[in-house]
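Peer 1: Here you go, coords18.pdb (PDB, C-alpha atoms):
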ATOM      1  CA  MET A 251       0.000   0.000   0.000
ATOM      2  CA  GLN A 252       1.489   3.298  -1.059
ATOM      3  CA  ALA A 253       1.523   6.068   1.548
ATOM      4  CA  SER A 254       0.067   9.365   0.468
ATOM      5  CA  VAL A 255       2.369  12.346   0.524
ATOM      6  CA  GLU A 256       1.041  15.837   1.151
ATOM      7  CA  PRO A 257       2.149  18.450  -1.342
ATOM      8  CA  ALA A 258       4.800  20.773   0.041
ATOM      9  CA  ALA A 259       2.525  23.786  -0.390
ATOM     10  CA  THR A 260      -0.177  22.149   1.743
ATOM     11  CA  VAL A 261       2.304  21.343   4.504
ATOM     12  CA  ALA A 262       3.695  24.874   4.448
ATOM     13  CA  ARG A 263       0.197  26.348   4.590
ATOM     14  CA  ARG A 264      -0.762  24.140   7.537
ATOM     15  CA  VAL A 265       2.430  25.065   9.427
ATOM     16  CA  PHE A 266       1.831  28.749   8.711
ATOM     17  CA  ILE A 267      -1.712  28.585  10.082
ATOM     18  CA  LYS A 268      -0.563  26.676  13.157
ATOM     19  CA  ARG A 269       2.256  29.093  13.902
ATOM     20  CA  ALA A 270       0.094  32.128  13.233
ATOM     21  CA  SER A 271      -2.558  30.777  15.568
ATOM     22  CA  GLY A 272       0.015  30.387  18.287
ATOM     23  CA  THR A 273       1.327  33.864  17.563
ATOM     24  CA  CYS A 274      -2.145  35.296  17.994
ATOM     25  CA  LYS A 275      -2.254  33.818  21.483
ATOM     26  CA  LEU A 276       1.335  34.825  22.235
ATOM     27  CA  TYR A 277       0.885  38.466  21.314
ATOM     28  CA  GLY A 278      -2.626  38.709  22.707
ATOM     29  CA  VAL A 279      -3.831  40.239  19.440
ATOM     30  CA  SER A 280      -7.537  40.919  19.232
ATOM     31  CA  PRO A 281      -9.757  40.761  17.314
ATOM     32  CA  CYS A 282      -8.760  37.667  15.337
ATOM     33  CA  ARG A 283     -10.464  36.165  12.313
ATOM     34  CA  THR A 284     -10.838  32.649  10.954
ATOM     35  CA  VAL A 285      -8.738  31.852   7.899
ATOM     36  CA  GLY A 286      -9.081  29.062   5.365
ATOM     37  CA  GLY A 287     -12.063  27.413   7.024
ATOM     38  CA  HIS A 288      -9.807  25.507   9.413
ATOM     39  CA  GLY A 289     -11.085  27.193  12.552
ATOM     40  CA  ARG A 290      -7.665  28.747  13.072
ATOM     41  CA  ARG A 291      -7.652  32.347  14.224
ATOM     42  CA  LEU A 292      -5.239  34.914  12.859
ATOM     43  CA  PRO A 293      -4.722  38.550  13.835
ATOM     44  CA  GLY A 294      -7.153  40.892  12.137
ATOM     45  CA  SER A 295      -4.467  42.614  10.132
ATOM     46  CA  SER A 296      -2.793  42.496   6.756
ATOM     47  CA  THR A 297      -1.418  39.264   5.325
ATOM     48  CA  LEU A 298       2.102  40.696   5.414
ATOM     49  CA  GLU A 299       1.830  41.573   9.097
ATOM     50  CA  VAL A 300       0.351  38.166   9.901
ATOM     51  CA  ALA A 301       3.230  36.465   8.116
ATOM     52  CA  ARG A 302       5.765  38.597   9.948
ATOM     53  CA  MET A 303       4.212  37.784  13.319
ATOM     54  CA  ALA A 304       3.756  34.104  12.521
ATOM     55  CA  PHE A 305       7.405  33.548  11.736
ATOM     56  CA  ALA A 306       8.800  35.952  14.349
ATOM     57  CA  VAL A 307      10.946  34.492  17.088
ATOM     58  CA  PRO A 308       9.839  36.122  20.356
ATOM     59  CA  VAL A 309      12.508  36.852  22.946
ATOM     60  CA  ALA A 310      11.557  35.372  26.291
ATOM     61  CA  PRO A 311      12.150  37.242  29.544
ATOM     62  CA  VAL A 312      15.268  36.152  31.405
ATOM     63  CA  ARG A 313      13.700  35.270  34.757
ATOM     64  CA  SER A 314      16.908  33.701  36.073
ATOM     65  CA  MET A 315      18.396  37.206  36.316
ATOM     66  CA  HIS A 316      16.166  38.179  39.245
ATOM     67  CA  ALA A 317      18.860  37.854  41.921
ATOM     68  CA  ALA A 318      21.499  39.496  39.742
ATOM     69  CA  VAL A 319      19.235  42.473  39.063
ATOM     70  CA  TRP A 320      18.541  43.081  42.737
ATOM     71  CA  THR A 321      22.260  42.762  43.468
ATOM     72  CA  LEU A 322      22.973  45.489  40.912
ATOM     73  CA  VAL A 323      20.168  47.654  42.317
ATOM     74  CA  ALA A 324      21.659  47.320  45.797
ATOM     75  CA  ALA A 325      25.121  48.122  44.443
ATOM     76  CA  ALA A 326      23.825  51.232  42.659
ATOM     77  CA  ILE A 327      22.196  52.461  45.853
ATOM     78  CA  LEU A 328      25.308  51.777  47.929
ATOM     79  CA  VAL A 329      27.543  53.679  45.512
ATOM     80  CA  GLN A 330      25.187  56.661  45.612
ATOM     81  CA  ILE A 331      25.138  56.545  49.408
ATOM     82  CA  ALA A 332      28.936  56.565  49.397
ATOM     83  CA  TYR A 333      29.204  59.544  47.019
ATOM     84  CA  PRO A 334      28.553  62.442  49.447
ATOM     85  CA  LEU A 335      30.692  60.747  52.088
ATOM     86  CA  MET A 336      33.753  60.609  49.839
ATOM     87  CA  PRO A 337      36.544  63.206  49.776
ATOM     88  CA  GLU A 338      36.082  65.816  47.048
ATOM     89  CA  ALA A 339      39.028  64.421  45.079
ATOM     90  CA  TRP A 340      37.343  61.018  44.710
ATOM     91  CA  ARG A 341      33.869  62.156  43.741
ATOM     92  CA  THR A 342      34.348  62.218  39.972
ATOM     93  CA  GLU A 343      35.399  58.568  39.935
ATOM     94  CA  VAL A 344      32.476  57.695  42.195
ATOM     95  CA  THR A 345      30.121  59.607  39.871
ATOM     96  CA  VAL A 346      31.239  57.554  36.877
ATOM     97  CA  THR A 347      31.031  54.323  38.877
ATOM     98  CA  SER A 348      27.543  55.219  40.056
ATOM     99  CA  VAL A 349      26.302  55.761  36.500
ATOM    100  CA  VAL A 350      27.879  52.544  35.229
ATOM    101  CA  VAL A 351      26.402  50.385  38.006
ATOM    102  CA  PHE A 352      22.978  52.046  37.737
ATOM    103  CA  PHE A 353      23.095  51.553  33.948
ATOM    104  CA  LEU A 354      23.881  47.857  34.394
ATOM    105  CA  ALA A 355      21.004  47.496  36.859
ATOM    106  CA  ALA A 356      18.527  49.097  34.453
ATOM    107  CA  VAL A 357      19.698  47.101  31.430
ATOM    108  CA  ALA A 358      19.728  43.833  33.374
ATOM    109  CA  ASP A 359      16.209  44.505  34.627
ATOM    110  CA  ALA A 360      14.997  45.283  31.114
ATOM    111  CA  ALA A 361      16.533  41.983  29.970
ATOM    112  CA  ARG A 362      14.832  40.176  32.842
ATOM    113  CA  VAL A 363      11.443  41.550  31.812
ATOM    114  CA  HIS A 364      11.740  41.761  28.011
ATOM    115  CA  GLY A 365      14.678  39.551  27.122
ATOM    116  CA  VAL A 366      18.009  40.498  25.616
ATOM    117  CA  GLY A 367      16.231  42.063  22.653
ATOM    118  CA  GLY A 368      14.302  44.351  24.981
ATOM    119  CA  ALA A 369      17.504  45.430  26.700
ATOM    120  CA  ALA A 370      18.996  46.205  23.288
ATOM    121  CA  VAL A 371      15.946  48.323  22.453
ATOM    122  CA  LEU A 372      16.414  50.252  25.705
ATOM    123  CA  ILE A 373      20.080  50.913  24.969
ATOM    124  CA  GLY A 374      19.367  51.881  21.371
ATOM    125  CA  ALA A 375      16.425  54.174  22.060
ATOM    126  CA  ALA A 376      17.561  55.849  25.278
ATOM    127  CA  GLY A 377      21.328  55.567  24.924
ATOM    128  CA  GLY A 378      21.471  56.140  21.192
ATOM    129  CA  GLY A 379      18.815  58.837  21.272
ATOM    130  CA  GLY A 380      20.460  60.567  24.212
ATOM    131  CA  LEU A 381      23.874  60.430  22.562
ATOM    132  CA  VAL A 382      22.607  61.949  19.310
ATOM    133  CA  ALA A 383      20.688  64.682  21.139
ATOM    134  CA  GLU A 384      23.640  65.546  23.384
ATOM    135  CA  SER A 385      26.075  65.575  20.465
ATOM    136  CA  ILE A 386      23.829  67.926  18.498
ATOM    137  CA  GLY A 387      23.320  69.999  21.637
ATOM    138  CA  VAL A 388      27.036  70.463  22.254
ATOM    139  CA  ALA A 389      27.671  71.338  18.609
ATOM    140  CA  THR A 390      24.697  73.622  17.947
ATOM    141  CA  GLY A 391      23.063  74.592  21.235
ATOM    142  CA  TRP A 392      19.807  72.905  20.197
ATOM    143  CA  PRO A 393      17.585  71.673  21.825
ATOM    144  CA  PHE A 394      19.000  72.273  25.315
ATOM    145  CA  GLY A 395      20.799  75.597  24.964
ATOM    146  CA  GLU A 396      24.509  76.344  24.686
ATOM    147  CA  TYR A 397      26.664  74.300  27.034
ATOM    148  CA  ALA A 398      29.976  72.462  27.106
ATOM    149  CA  TYR A 399      31.442  69.505  28.932
ATOM    150  CA  THR A 400      34.606  70.264  30.863
ATOM    151  CA  GLY A 401      36.400  66.977  30.198
ATOM    152  CA  THR A 402      36.146  65.626  33.747
ATOM    153  CA  LEU A 403      33.818  62.676  33.064
ATOM    154  CA  GLY A 404      36.231  60.482  31.147
ATOM    155  CA  ALA A 405      36.176  59.106  27.614
ATOM    156  CA  GLU A 406      34.003  60.857  25.047
ATOM    157  CA  ILE A 407      32.283  59.852  21.830
ATOM    158  CA  ILE A 408      31.304  62.510  19.258
ATOM    159  CA  GLY A 409      31.922  65.177  21.875
ATOM    160  CA  VAL A 410      29.853  63.565  24.644
ATOM    161  CA  PRO A 411      31.177  61.686  27.702
ATOM    162  CA  VAL A 412      30.313  57.994  27.416
ATOM    163  CA  VAL A 413      28.602  58.046  30.809
ATOM    164  CA  VAL A 414      26.041  60.605  29.584
ATOM    165  CA  PRO A 415      24.093  58.293  27.220
ATOM    166  CA  MET A 416      24.439  55.624  29.910
ATOM    167  CA  ALA A 417      22.692  58.019  32.290
ATOM    168  CA  TRP A 418      19.838  58.432  29.801
ATOM    169  CA  VAL A 419      19.439  54.649  29.752
ATOM    170  CA  MET A 420      19.621  54.212  33.507
ATOM    171  CA  MET A 421      16.669  56.522  34.183
ATOM    172  CA  ALA A 422      14.630  55.965  31.011
ATOM    173  CA  TRP A 423      13.779  52.425  32.112
ATOM    174  CA  PRO A 424      12.410  53.438  35.547
ATOM    175  CA  ALA A 425      10.597  56.415  33.982
ATOM    176  CA  LEU A 426       8.847  54.127  31.492
ATOM    177  CA  ASN A 427       7.685  51.885  34.324
ATOM    178  CA  VAL A 428       6.432  54.889  36.279
ATOM    179  CA  ALA A 429       4.436  56.151  33.304
ATOM    180  CA  ARG A 430       2.888  52.772  32.503
ATOM    181  CA  THR A 431       1.840  52.393  36.122
ATOM    182  CA  LEU A 432       0.122  55.767  36.322
ATOM    183  CA  VAL A 433      -1.551  55.923  32.883
ATOM    184  CA  THR A 434      -2.515  53.601  30.049
ATOM    185  CA  ARG A 435      -3.044  55.521  26.797
ATOM    186  CA  ARG A 436       0.088  55.808  24.666
ATOM    187  CA  ALA A 437       0.029  59.600  24.457
ATOM    188  CA  ALA A 438      -0.329  59.788  28.228
ATOM    189  CA  VAL A 439       2.489  57.275  28.761
ATOM    190  CA  VAL A 440       4.768  59.367  26.565
ATOM    191  CA  ALA A 441       3.833  62.587  28.375
ATOM    192  CA  VAL A 442       4.157  61.182  31.896
ATOM    193  CA  GLY A 443       7.315  59.253  31.029
ATOM    194  CA  ALA A 444       8.914  62.373  29.558
ATOM    195  CA  ALA A 445       7.952  64.346  32.666
ATOM    196  CA  ALA A 446       9.298  61.603  34.944
ATOM    197  CA  LEU A 447      12.636  61.585  33.129
ATOM    198  CA  THR A 448      12.941  65.363  32.796
ATOM    199  CA  ALA A 449      12.076  65.965  36.450
ATOM    200  CA  TRP A 450      15.142  63.953  37.431
ATOM    201  CA  ASP A 451      17.309  66.478  35.587
ATOM    202  CA  VAL A 452      16.095  69.178  37.975
ATOM    203  CA  PHE A 453      18.367  67.399  40.463
ATOM    204  CA  LEU A 454      21.027  66.192  38.037
ATOM    205  CA  ASP A 455      21.960  69.419  36.286
ATOM    206  CA  PRO A 456      22.535  71.600  39.374
ATOM    207  CA  GLN A 457      24.615  68.839  40.955
ATOM    208  CA  MET A 458      26.781  68.301  37.868
ATOM    209  CA  VAL A 459      27.244  72.023  37.205
ATOM    210  CA  SER A 460      28.183  72.565  40.844
ATOM    211  CA  ALA A 461      30.708  69.723  40.562
ATOM    212  CA  GLY A 462      32.207  71.320  37.442
ATOM    213  CA  HIS A 463      31.331  68.591  34.929
ATOM    214  CA  TRP A 464      29.646  70.951  32.449
ATOM    215  CA  THR A 465      28.823  74.626  32.150
ATOM    216  CA  TRP A 466      26.093  76.758  30.564
ATOM    217  CA  PHE A 467      26.910  79.820  28.472
ATOM    218  CA  ASP A 468      23.530  81.546  28.797
ATOM    219  CA  PRO A 469      21.949  80.209  31.992
ATOM    220  CA  GLU A 470      19.091  82.671  32.425
ATOM    221  CA  PRO A 471      16.145  82.550  32.821
ATOM    222  CA  GLY A 472      15.944  79.418  34.915
ATOM    223  CA  LEU A 473      13.617  77.580  37.253
ATOM    224  CA  PRO A 474      12.790  79.131  40.634
ATOM    225  CA  LEU A 475      15.569  78.608  43.202
ATOM    226  CA  ILE A 476      17.874  76.997  40.614
ATOM    227  CA  PRO A 477      20.246  79.572  39.134
ATOM    228  CA  GLY A 478      22.717  78.631  36.443
ATOM    229  CA  ILE A 479      20.493  76.232  34.458
ATOM    230  CA  PRO A 480      18.409  77.713  31.600
ATOM    231  CA  LEU A 481      14.773  76.844  31.022
ATOM    232  CA  THR A 482      15.721  75.755  27.505
ATOM    233  CA  ASN A 483      17.534  72.803  29.059
ATOM    234  CA  TYR A 484      14.321  71.395  30.482
ATOM    235  CA  VAL A 485      12.413  72.051  27.261
ATOM    236  CA  GLY A 486      15.085  70.084  25.415
ATOM    237  CA  TRP A 487      14.868  67.297  27.968
ATOM    238  CA  LEU A 488      11.107  67.084  27.516
ATOM    239  CA  LEU A 489      11.453  66.843  23.736
ATOM    240  CA  VAL A 490      14.172  64.186  23.776
ATOM    241  CA  SER A 491      12.503  62.265  26.600
ATOM    242  CA  ALA A 492       9.209  62.228  24.689
ATOM    243  CA  ALA A 493      10.973  60.757  21.659
ATOM    244  CA  VAL A 494      12.657  58.120  23.832
ATOM    245  CA  MET A 495       9.395  57.213  25.584
ATOM    246  CA  THR A 496       7.570  56.947  22.264
ATOM    247  CA  ALA A 497      10.157  54.504  20.954
ATOM    248  CA  LEU A 498      10.201  52.425  24.134
ATOM    249  CA  ASP A 499       6.435  52.284  24.558
ATOM    250  CA  ARG A 500       6.003  51.158  20.963
ATOM    251  CA  ALA A 501       8.777  48.577  21.043
ATOM    252  CA  LEU A 502       8.425  46.997  24.487
ATOM    253  CA  PRO A 503       5.217  45.104  25.309
ATOM    254  CA  ARG A 504       3.457  46.029  28.515
ATOM    255  CA  ALA A 505       3.889  43.703  31.469
ATOM    256  CA  ASP A 506       1.240  42.885  34.063
ATOM    257  CA  GLY A 507       2.657  45.500  36.420
ATOM    258  CA  PRO A 508       5.700  47.674  37.018
ATOM    259  CA  SER A 509       9.101  46.127  37.520
ATOM    260  CA  ALA A 510       9.897  46.161  41.242
ATOM    261  CA  PRO A 511      13.609  46.916  40.684
ATOM    262  CA  ALA A 512      12.754  49.792  38.336
ATOM    263  CA  ALA A 513      10.255  51.157  40.852
ATOM    264  CA  ALA A 514      12.820  50.916  43.635
ATOM    265  CA  LEU A 515      15.414  52.752  41.549
ATOM    266  CA  TYR A 516      13.088  55.626  40.655
ATOM    267  CA  LEU A 517      11.816  56.153  44.182
ATOM    268  CA  TRP A 518      15.316  55.844  45.618
ATOM    269  CA  VAL A 519      16.602  58.519  43.234
ATOM    270  CA  TYR A 520      13.772  60.851  44.202
ATOM    271  CA  PHE A 521      13.968  60.601  47.981
ATOM    272  CA  SER A 522      17.770  60.385  48.126
ATOM    273  CA  SER A 523      18.149  63.389  45.804
ATOM    274  CA  VAL A 524      15.950  65.572  47.987
ATOM    275  CA  LEU A 525      17.997  64.585  51.034
ATOM    276  CA  ALA A 526      21.401  64.875  49.362
ATOM    277  CA  HIS A 527      20.751  68.278  47.797
ATOM    278  CA  ALA A 528      19.348  69.664  51.037
ATOM    279  CA  VAL A 529      21.940  68.227  53.427
ATOM    280  CA  PHE A 530      25.138  67.201  51.620
ATOM    281  CA  PHE A 531      25.493  69.232  48.405
ATOM    282  CA  GLY A 532      24.551  72.681  49.662
ATOM    283  CA  LEU A 533      21.834  72.994  46.999
ATOM    284  CA  PRO A 534      18.632  73.729  48.927
ATOM    285  CA  GLY A 535      17.016  75.366  45.895
ATOM    286  CA  SER A 536      17.139  72.219  43.781
ATOM    287  CA  ALA A 537      16.086  70.182  46.818
ATOM    288  CA  VAL A 538      12.882  72.230  46.989
ATOM    289  CA  THR A 539      12.168  72.702  43.278
ATOM    290  CA  GLY A 540      13.246  69.191  42.347
ATOM    291  CA  GLY A 541      11.325  67.817  45.297
ATOM    292  CA  VAL A 542       8.154  69.462  44.025
ATOM    293  CA  LEU A 543       8.562  68.688  40.313
ATOM    294  CA  MET A 544       9.861  65.122  40.528
ATOM    295  CA  GLY A 545       7.562  64.559  43.479
ATOM    296  CA  ALA A 546       4.593  65.356  41.244
ATOM    297  CA  VAL A 547       5.353  62.040  39.543
ATOM    298  CA  ALA A 548       7.170  60.042  42.224
ATOM    299  CA  ILE A 549       4.645  60.523  45.022
ATOM    300  CA  PRO A 550       1.567  59.463  42.989
ATOM    301  CA  PHE A 551       3.641  56.532  41.760
ATOM    302  CA  ALA A 552       4.528  55.505  45.321
ATOM    303  CA  LEU A 553       0.908  55.847  46.432
ATOM    304  CA  THR A 554      -0.297  53.769  43.484
ATOM    305  CA  LEU A 555       2.164  51.010  44.347
ATOM    306  CA  ALA A 556       1.069  51.120  47.983
ATOM    307  CA  ARG A 557      -2.606  50.823  47.025
ATOM    308  CA  ARG A 558      -1.884  47.886  44.731
ATOM    309  CA  ARG A 559       0.121  46.183  47.429
ATOM    310  CA  GLY A 560      -2.711  46.747  49.886
ATOM    311  CA  ARG A 561      -5.279  45.229  47.526
ATOM    312  CA  THR A 562      -3.014  42.249  46.907
ATOM    313  CA  TYR A 563      -2.569  41.727  50.645
ATOM    314  CA  GLN A 564      -6.299  41.981  51.305
ATOM    315  CA  GLY A 565      -7.033  39.577  48.471
ATOM    316  CA  GLY A 566      -4.548  37.093  49.874
ATOM    317  CA  THR A 567      -6.040  37.180  53.374
ATOM    318  CA  SER A 568      -9.732  37.244  52.478
TER     319      SER A 568
END
For the file at hand, write its structure as structure tokens.
Peer 2:
Amino acid sequence: MQASVEPAATVARRVFIKRASGTCKLYGVSPCRTVGGHGRRLPGSSTLEVARMAFAVPVAPVRSMHAAVWTLVAAAILVQIAYPLMPEAWRTEVTVTSVVVFFLAAVADAARVHGVGGAAVLIGAAGGGGLVAESIGVATGWPFGEYAYTGTLGAEIIGVPVVVPMAWVMMAWPALNVARTLVTRRAAVVAVGAAALTAWDVFLDPQMVSAGHWTWFDPEPGLPLIPGIPLTNYVGWLLVSAAVMTALDRALPRADGPSAPAAALYLWVYFSSVLAHAVFFGLPGSAVTGGVLMGAVAIPFALTLARRRGRTYQGGTS
């Protein structure tokens, strides 16, 4: 008895439908529609998009990195605690170390949640976008205003210290998590994420200018209580941050809730910055103004997390 052999085209079509059906479930795409009378459901989109999704290889989260991420978060916090306690001569090296460790914590956490591909997206969007914006800013004065680095932060690439795009990455990831926790619509996520990232610079810029790492050529007018930093700087930050948040929110799928390490990093930066500027750095103006502006995002974020934790606890004990 001769065995029947399916034509190659039939086999390929059946595999396509099977994989596409699984992709529909994987990506949570809705609505779906039945194709070919086989009861299989495909995303309600173009054939080209369906094919792309069906044969895509999703990058799984790296859950085994959980302990490593929290170790890096703890290390980042410890280095920042050490910074104001160090002699003045050591603080530049500690600054660079702090950025590097914080960067590694953010990237590792993004990889834990979104896989290596997600971490690469974070580095490309926030690090690459920040580098391009800073390079243009140094060369032209747009969009931040005219400023210059003083050469104290180590190696540079296209006129920008390497640690600067790393700093964009290290806070873009927590800011994205903050925004996605507080709001849901994409435009709102972009707006809140940009505000969350820009508000951090209300602490960062006064500290770095005071430490002599960069200088502004036309620093007025500025924010209340923060002389030496022009308003154009914060406008530029909002524009670049909005572009970064748009890219990240489009590229990275939303998780069930915020990343705990990212939340810890953002809230740590907020509360520690208020304390450090008020007590250790002699910058009470940025402690107040930064406390208000970053607090407008950080405090609602903290309260939202507390409410969610309370509901989870009540649900577990009921």
Peer 1: Evaluate the PyMOL selection byres ((chain A and resi 314-316) around 10) here and jot the selected residues down as a PDB file with C-alpha atoms, in the frame of the given file.
Peer 2:
ATOM      1  CA  PRO A 311      12.150  37.242  29.544  1.00  0.00           C
ATOM      2  CA  VAL A 312      15.268  36.152  31.405  1.00  0.00           C
ATOM      3  CA  ARG A 313      13.700  35.270  34.757  1.00  0.00           C
ATOM      4  CA  ALA A 317      18.860  37.854  41.921  1.00  0.00           C
ATOM      5  CA  ALA A 318      21.499  39.496  39.742  1.00  0.00           C
ATOM      6  CA  VAL A 319      19.235  42.473  39.063  1.00  0.00           C
ATOM      7  CA  TRP A 320      18.541  43.081  42.737  1.00  0.00           C
ATOM      8  CA  THR A 321      22.260  42.762  43.468  1.00  0.00           C
ATOM      9  CA  ALA A 358      19.728  43.833  33.374  1.00  0.00           C
ATOM     10  CA  ASP A 359      16.209  44.505  34.627  1.00  0.00           C
ATOM     11  CA  ALA A 361      16.533  41.983  29.970  1.00  0.00           C
ATOM     12  CA  ARG A 362      14.832  40.176  32.842  1.00  0.00           C
ATOM     13  CA  VAL A 363      11.443  41.550  31.812  1.00  0.00           C
ATOM     14  CA  PRO A 511      13.609  46.916  40.684  1.00  0.00           C
TER      15      PRO A 511
END
Peer 1: Fewer than 5 positions away in the same chain doesn't count, so skip those; otherwise give me all residues within 9 Å of Val452 in chain A, counting all atoms listed in the file, as an MDAnalysis selection string.
Peer 2: chainID A and resid 473 476 484 536:537 539:541 543:544
Peer 1: Which residue, A:Ala376, A:Val412, A:Phe530, A:Ala497, has the smallest gap to Met336 in chain A when you use all atoms listed in the file?
Peer 2: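 Closest residue, counting all atoms listed in the file: A:Phe530.
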Peer 1: Env of range 432-444 of chain A: 8 Å cut, atoms = all atoms listed in the file, seq-sep filter 3 positions within chain, self excluded. Answer as a ChimeraX atom specification.
Peer 2: /A:425-426,428-429,447-448,487-489,491-492,495-496,499,547,550-551,554
Peer 1: Find, counting all atoms listed in the file, the residue in A:Arg430, A:Gly368, A:Val414, A:Ser348 that gets nearest to Arg504 in chain A.
Peer 2: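 Once distances to Arg504 in chain A are computed over all atoms listed in the file, the minimum belongs to A:Arg430.
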Peer 1: Would you mind telling me which residue in A:Ile327, A:Ile408, A:Ile373, A:Ala501 lies nearest to Ala389 in chain A when using only C-alpha atoms?
Peer 2: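 Answer, going by the shortest atom-to-atom distance: A:Ile408.
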Peer 1: Can you give me, as JSON, numbers by chain, the residues this file yields under the PyMOL selection byres ((chain A and resi 413) around 12)?
Peer 2: {"A": [342, 343, 345, 346, 347, 348, 349, 350, 351, 352, 353, 354, 377, 380, 381, 384, 399, 401, 402, 403, 404, 405, 406, 407, 409, 410, 411, 412, 414, 415, 416, 417, 418, 419, 420, 463]}
Peer 1: Taking all listed atoms of range 541-547 of chain A, build the axis-aligned box, pad each of the six sides by 8 Å, then write its centre and edge lengths in Å to one decimal as lines of an AutoDock Vina configuration file.
Peer 2:
center_x = 8.0
center_y = 65.8
center_z = 42.4
size_x = 22.7
size_y = 23.4
size_z = 21.8
Peer 1: Around the point (33.6, 73.9, 24.6) in the file's coordinates, collect all residues with an atom within 9 Å, using all atoms listed in the file, and return them as a list of chain:residue names.
Peer 2: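 Every residue inside that radius is included here: A:Val388, A:Ala389, A:Tyr397, A:Ala398, A:Tyr399, A:Thr400, A:Thr465.
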Peer 1: Using only C-alpha atoms, find the one residue out of A:Ile479, A:Ala326, A:Ala356, A:Val542 that sits nearest to Gly395 in chain A.
Peer 2: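 Closest residue, counting only C-alpha atoms: A:Ile479.
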Peer 1: Applied to the shown file, which residues does the PyMOL selection byres ((chain A and resi 509) around 9) return, written as a PyMOL selection string?
Peer 2: chain A and resi 359-360+363+424+427+505+507-508+510-514
Peer 1: Using all atoms listed in the file, pick whichever of A:Val529, A:Val357, A:Trp466, A:Val344 has the shortest atom-to-atom distance to Ala370 in chain A.
Peer 2: A:Val357
Peer 1: Separation of CA of Leu517 in chain A and CA of Ala548 in chain A, in Å?
Peer 2: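 These atoms are spaced 6.4 Å apart.
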Peer 1: Taking only C-alpha atoms into account, which of A:Trp450, A:Ala369, A:Ser460, A:Gly387 comes nearest Ser522 in chain A?
Peer 2: A:Trp450
Peer 1: What does the structure give for the distance between CA of Val323 in chain A and CA of Leu515 in chain A, in Å to one decimal?
Peer 2: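 It comes out at 7.0 Å.
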Peer 1: Might you pull out every residue within 10 Å of Ala526 in chain A, with all atoms listed in the file counted and same-chain residues fewer than 4 positions away left off, and present them as a count of residues only?
Peer 2: 14
Peer 1: Write out as an MDAnalysis selection string each polymer residue whose atoms come within 7 Å of Pro469 in chain A, counting only C-alpha atoms; drop sequence neighbours fewer than 2 positions from it.
Peer 2: chainID A and resid 466:467 471:472 478:480
Peer 1: Please indicate the distance in Å from CA of Ala493 in chain A to CA of Ala375 in chain A, rounded to one decimal place.
Peer 2: 8.6 Å
